[in-house]
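Trainee: Could you have a look at this structure, given as structure tokens, before my questions?
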Amino acid sequence: MLNVLRTRNNLVGRQSAWPPLLTRPHWWAMSTFFAPFLLYLLTLAPTIYNLDSAELTTAVATDGIIRATGYPLYLLLGKLFVWLPVGDVGYRLNLFSAVCGALTIFVADRILQHLEVGPWARLGALGLLATAPYFWAMSLVAEVYTLHTALMATVLLLLLYWDESPSMPRLAAAALALGLSCSNHAATVLLVPGCLWFVATRARQHWLRPQTMTAVILAAFAGLSAYFLIPLRYGQSPVFNYAGQYDATGTFVSVNLQTWQGFWWLISGKAFAGQMFGYQLAELGPEIGGFGVQLWLAFFAIGIGPGLWGAVVLLQRDRRIAVMLLLFFFANAIFYINYRVVDKASMYLPAYLVWALWLAIGYQAILDDLQAKTSAPRWVWLPRLFMAGAVLLAVTWNWSRVDLSDDWSTREQSLAILEQAQPNAIVFGWWDTVPAVQYLQLVEGQRPDVTVINRFLISGADMNQLIRSELGRRPIYFDNPSIDLLRESRVTAVGLMYLLEPPEAGCDFVAEASHTRESARCLAERGSNAVLE
């Protein structure tokens, strides 16, 4: 039935008097990009956002270096958006994520067309993916994840094209896309087992030729060549560099990224090695359950059953594609379930993409079954309307949960920190404060007299030693002073930060933990506020 419809539509397109770009298939293709893009544009964050988003924005704008794993392709492509004459730099990088999110949906639609999934099933499945809370949210702020899914979808589509008509250029194109994807996000290596399975299970004469293998290897390395950006930027001594540590004197000691050891340290993510597979076996139950709940919410519960059915149907129809998608899904899910970080919920997007493909296949199987069994074709419209209605319901339900169109909080908070800081101050803070403050300093030129240090880049011992050496000579601001600092200094709340000053005479900050309340009482009597860790 689907083949008949496809043939009919192709004939209509050829016989149409309209120009090719105005025929229905092209309008549909355009809508699969512009419909989600408009949704993201309406809810896009208007300026710099916090956490990793601020770090990425600042690095792109200043030609800087970010933490592991480097993300060189993101840094390169993001520069194109910095030059756009719209909004501030923060808004422009947020727009980059929106484009990549919409591009993911567009390419996924091409994949499903290739798998002969009809338009209603594609609309129902990809609509839920586009409006899934974390996918939607990652399309609204500067982040690497929607570029990751767009490139992942491109790799899959190119592999399907190669499988349809094997040739050296098509396989090399897929290898190039895989290398580019790895240049954006090192987690692309999780796709490699599935890609190797898919290629290796094809007839050997299509890929096991010296010319083909040479072309594939060269294409993959061409995609990976974006990594050369990292040592090149290091040689330029960028003003923004998160690859290194501050010492006890407040001097930033960068890792030498022009040596193999330093370069590999960054791109392999050794700084986060302790978080990888960081859970004991007994701890995995809640993490697996959390992933299941997140998937349930992402596809609005409606998409779970049909998604499972779609995986089964695909396994029956095309084992090679089915196993490749299973390897994609479980490699990403297992790695991030075992990744001990607080923000990993945003890292499951590759698994979302695979699930959306299964969901579309499951939807189509249900529609085909109803079409074959019902004697009244008009009843087939009911499940189609249900699929479209579920997408509209997801848009309505999730809009207020992800909408950032009026969220200026990060910029306002960072401006307040700089405005309240005394001249020549030192500011210590975590990800939720420091990168956005550095954006205002390095991109917009505000308050260059203030030294800002991310606590992730300095050990606790060196930080305390630096504070002790500077206490009384420079104003020191902290986001959450430790008990040791409370014992040795006078703490005054200044907005969201705390000002550390030498203790006043007559107030004894005793060392015993049992006297912490007395120290806090002493501070309170002087009108100070302290936060105890």
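We name chains A, B, ... following the order of the structure tokens; residues begin at 1 in each chain, and ligands are numbered from 1 as shown.
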Any idea what's packed within 10 Å of segment 41-49 of chain A, counting only C-alpha atoms, ignoring anything in its chain fewer than 6 positions away? Could you give it as a ChimeraX atom specification?

Mentor: /A:34-35,55,57-58,87-95,97-99,136-143,399-400,402-412,414,432,435-436,439-440

Trainee: So how far away is atom CA of Gly269 of chain A from atom CA of Leu229 of chain A, in Å?

Mentor: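 Interatomic distance, atom CA of Leu229 of chain A to atom CA of Gly269 of chain A: 16.9 Å.
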
Trainee: Write out as a PyMOL selection string the set of residues from segment 193-379 of chain A that DSSP, computed on the backbone, places in helix (DSSP H, G or I).

Mentor: chain A and resi 193-200+204-206+210-235+260-267+270-272+281-298+304-317+319-337+344-347+349-373+377-379

Trainee: Hey, which of A:Tyr246, A:Phe221, A:Tyr477, A:Tyr234 ends up closest to Gln422 of chain A? Count only C-alpha atoms.

Mentor: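 Of A:Tyr246, A:Phe221, A:Tyr477, A:Tyr234, the one nearest Gln422 of chain A is A:Tyr477, counting only C-alpha atoms.
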
Trainee: Fewer than 5 positions away in the same chain doesn't count, so skip those; otherwise give me all residues within 9 Å of Ser31 of chain A, counting only C-alpha atoms, as a PyMOL selection string.

Mentor: chain A and resi 26+36+106

Trainee: Which one is closest to Trp120 of chain A: A:Gln294, A:Thr62, A:Gln364, A:Ser167? Count only C-alpha atoms.

Mentor: A:Gln364

Trainee: Which residues are close to Leu315 of chain A, i.e. within 12 Å by only C-alpha atoms, leaving aside same-chain residues fewer than 5 positions away? Reply as a ChimeraX atom specification.

Mentor: /A:308-310,320-326,358,361-362

Trainee: In Å, with one decimal, what is the gap from atom CA of Gly78 of chain A to atom CA of Ala175 of chain A?

Mentor: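 Those two atoms sit 22.5 Å apart.
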
Trainee: Between atom CA of Leu415 of chain A and atom CA of Gly495 of chain A, what is the spacing in Å?

Mentor: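 The value is 11.1 Å.
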
Trainee: Using only C-alpha atoms, which protein or nucleic acid residues come within 12 Å of Tyr336 of chain A? Drop anything in the same chain fewer than 5 positions from it, and give the result as an MDAnalysis selection string.

Mentor: chainID A and resid 187 190 275:279 284 287:288 290:291 329:331 341:351

Trainee: For the residues in the current selection, export N, CA and C atoms as a PDB file, in the first residue's frame.

Mentor:
```
ATOM      1  N   ALA A 187      31.270  11.336  22.263  1.00  0.00           N
ATOM      2  CA  ALA A 187      30.331  10.233  22.488  1.00  0.00           C
ATOM      3  C   ALA A 187      29.884   9.592  21.184  1.00  0.00           C
ATOM      4  N   LEU A 190      30.224   5.880  20.553  1.00  0.00           N
ATOM      5  CA  LEU A 190      29.188   4.925  20.935  1.00  0.00           C
ATOM      6  C   LEU A 190      28.375   4.457  19.726  1.00  0.00           C
ATOM      7  N   GLN A 275      33.885   9.916  36.675  1.00  0.00           N
ATOM      8  CA  GLN A 275      32.432   9.884  36.566  1.00  0.00           C
ATOM      9  C   GLN A 275      31.942   8.786  35.600  1.00  0.00           C
ATOM     10  N   MET A 276      32.809   8.332  34.699  1.00  0.00           N
ATOM     11  CA  MET A 276      32.414   7.306  33.737  1.00  0.00           C
ATOM     12  C   MET A 276      32.311   5.960  34.442  1.00  0.00           C
ATOM     13  N   PHE A 277      31.192   5.293  34.247  1.00  0.00           N
ATOM     14  CA  PHE A 277      30.903   4.031  34.938  1.00  0.00           C
ATOM     15  C   PHE A 277      31.169   4.195  36.432  1.00  0.00           C
ATOM     16  N   GLY A 278      30.618   5.283  36.944  1.00  0.00           N
ATOM     17  CA  GLY A 278      30.902   5.690  38.318  1.00  0.00           C
ATOM     18  C   GLY A 278      29.975   5.103  39.365  1.00  0.00           C
ATOM     19  N   TYR A 279      29.058   4.196  38.982  1.00  0.00           N
ATOM     20  CA  TYR A 279      28.123   3.630  39.945  1.00  0.00           C
ATOM     21  C   TYR A 279      28.478   2.178  40.260  1.00  0.00           C
ATOM     22  N   LEU A 284      22.701   0.947  40.450  1.00  0.00           N
ATOM     23  CA  LEU A 284      22.208   1.133  39.090  1.00  0.00           C
ATOM     24  C   LEU A 284      20.691   1.083  38.970  1.00  0.00           C
ATOM     25  N   GLU A 287      19.079   4.449  38.731  1.00  0.00           N
ATOM     26  CA  GLU A 287      19.508   5.134  37.509  1.00  0.00           C
ATOM     27  C   GLU A 287      18.784   4.585  36.282  1.00  0.00           C
ATOM     28  N   ILE A 288      18.640   3.256  36.245  1.00  0.00           N
ATOM     29  CA  ILE A 288      17.890   2.649  35.138  1.00  0.00           C
ATOM     30  C   ILE A 288      16.427   3.082  35.194  1.00  0.00           C
ATOM     31  N   GLY A 290      15.310   5.809  36.483  1.00  0.00           N
ATOM     32  CA  GLY A 290      15.244   7.220  36.100  1.00  0.00           C
ATOM     33  C   GLY A 290      15.252   7.397  34.594  1.00  0.00           C
ATOM     34  N   PHE A 291      16.061   6.602  33.907  1.00  0.00           N
ATOM     35  CA  PHE A 291      16.080   6.672  32.448  1.00  0.00           C
ATOM     36  C   PHE A 291      14.729   6.248  31.864  1.00  0.00           C
ATOM     37  N   PHE A 329      21.089   2.585  20.421  1.00  0.00           N
ATOM     38  CA  PHE A 329      20.262   2.899  21.585  1.00  0.00           C
ATOM     39  C   PHE A 329      20.922   2.422  22.878  1.00  0.00           C
ATOM     40  N   PHE A 330      21.296   1.167  22.931  1.00  0.00           N
ATOM     41  CA  PHE A 330      21.801   0.618  24.188  1.00  0.00           C
ATOM     42  C   PHE A 330      23.203   1.112  24.520  1.00  0.00           C
ATOM     43  N   ALA A 331      24.036   1.375  23.517  1.00  0.00           N
ATOM     44  CA  ALA A 331      25.361   1.923  23.803  1.00  0.00           C
ATOM     45  C   ALA A 331      25.241   3.281  24.485  1.00  0.00           C
ATOM     46  N   VAL A 341      26.994  12.150  36.825  1.00  0.00           N
ATOM     47  CA  VAL A 341      26.947  13.611  36.786  1.00  0.00           C
ATOM     48  C   VAL A 341      25.512  14.039  37.035  1.00  0.00           C
ATOM     49  N   VAL A 342      25.341  15.283  37.475  1.00  0.00           N
ATOM     50  CA  VAL A 342      23.997  15.737  37.856  1.00  0.00           C
ATOM     51  C   VAL A 342      23.153  16.140  36.657  1.00  0.00           C
ATOM     52  N   ASP A 343      23.780  16.446  35.517  1.00  0.00           N
ATOM     53  CA  ASP A 343      23.021  16.960  34.379  1.00  0.00           C
ATOM     54  C   ASP A 343      22.926  15.968  33.233  1.00  0.00           C
ATOM     55  N   LYS A 344      23.020  14.674  33.527  1.00  0.00           N
ATOM     56  CA  LYS A 344      23.039  13.697  32.445  1.00  0.00           C
ATOM     57  C   LYS A 344      21.682  13.526  31.770  1.00  0.00           C
ATOM     58  N   ALA A 345      20.619  14.063  32.350  1.00  0.00           N
ATOM     59  CA  ALA A 345      19.296  13.945  31.729  1.00  0.00           C
ATOM     60  C   ALA A 345      19.279  14.544  30.329  1.00  0.00           C
ATOM     61  N   SER A 346      20.116  15.539  30.090  1.00  0.00           N
ATOM     62  CA  SER A 346      20.165  16.174  28.771  1.00  0.00           C
ATOM     63  C   SER A 346      21.023  15.403  27.785  1.00  0.00           C
ATOM     64  N   MET A 347      21.676  14.342  28.251  1.00  0.00           N
ATOM     65  CA  MET A 347      22.622  13.603  27.412  1.00  0.00           C
ATOM     66  C   MET A 347      22.013  12.386  26.733  1.00  0.00           C
ATOM     67  N   TYR A 348      20.738  12.110  26.991  1.00  0.00           N
ATOM     68  CA  TYR A 348      20.083  10.941  26.415  1.00  0.00           C
ATOM     69  C   TYR A 348      19.469  11.209  25.042  1.00  0.00           C
ATOM     70  N   LEU A 349      19.725  12.351  24.447  1.00  0.00           N
ATOM     71  CA  LEU A 349      19.048  12.698  23.197  1.00  0.00           C
ATOM     72  C   LEU A 349      19.309  11.702  22.068  1.00  0.00           C
ATOM     73  N   PRO A 350      20.516  11.118  21.927  1.00  0.00           N
ATOM     74  CA  PRO A 350      20.683  10.093  20.885  1.00  0.00           C
ATOM     75  C   PRO A 350      19.737   8.908  21.066  1.00  0.00           C
ATOM     76  N   ALA A 351      19.494   8.512  22.316  1.00  0.00           N
ATOM     77  CA  ALA A 351      18.534   7.431  22.566  1.00  0.00           C
ATOM     78  C   ALA A 351      17.121   7.875  22.195  1.00  0.00           C
TER      79      ALA A 351
END
```

Trainee: Nearest residue to Val313 of chain A out of A:Tyr363, A:Ala248, A:Lys373, A:Ala388, using only C-alpha atoms?

Mentor: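 Counting only C-alpha atoms, the residue closest to Val313 of chain A is A:Tyr363.
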
Trainee: Near segment 255-257 of chain A, counting only C-alpha atoms, which residues have an atom at most 10 Å away, once you skip same-chain residues fewer than 5 positions from it, shown as a list in words?

Mentor: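 Near neighbours after the sequence-gap exclusion: Ile230, Pro231, Leu232, Arg233, Tyr234, Gly235, Asn241, Tyr242, Ala243, Gly244, Gln245, Gly262, Phe263, Trp264, Trp265, Leu266 and Ile267 of chain A.
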
Trainee: Need the shell around Ala215 of chain A: protein/DNA/RNA residues with any atom at most 9 Å away, counting only C-alpha atoms. Skip same-chain ones fewer than 2 positions apart. Format as a ChimeraX atom specification?

Mentor: /A:168-169,171-172,175,210-213,217-220

Trainee: Which of these, A:Asn424, A:Thr69, A:Ser489, A:Asn454, has the shortest distance to Leu471 of chain A once you count only C-alpha atoms?

Mentor: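 Closest residue, counting only C-alpha atoms: A:Ser489.
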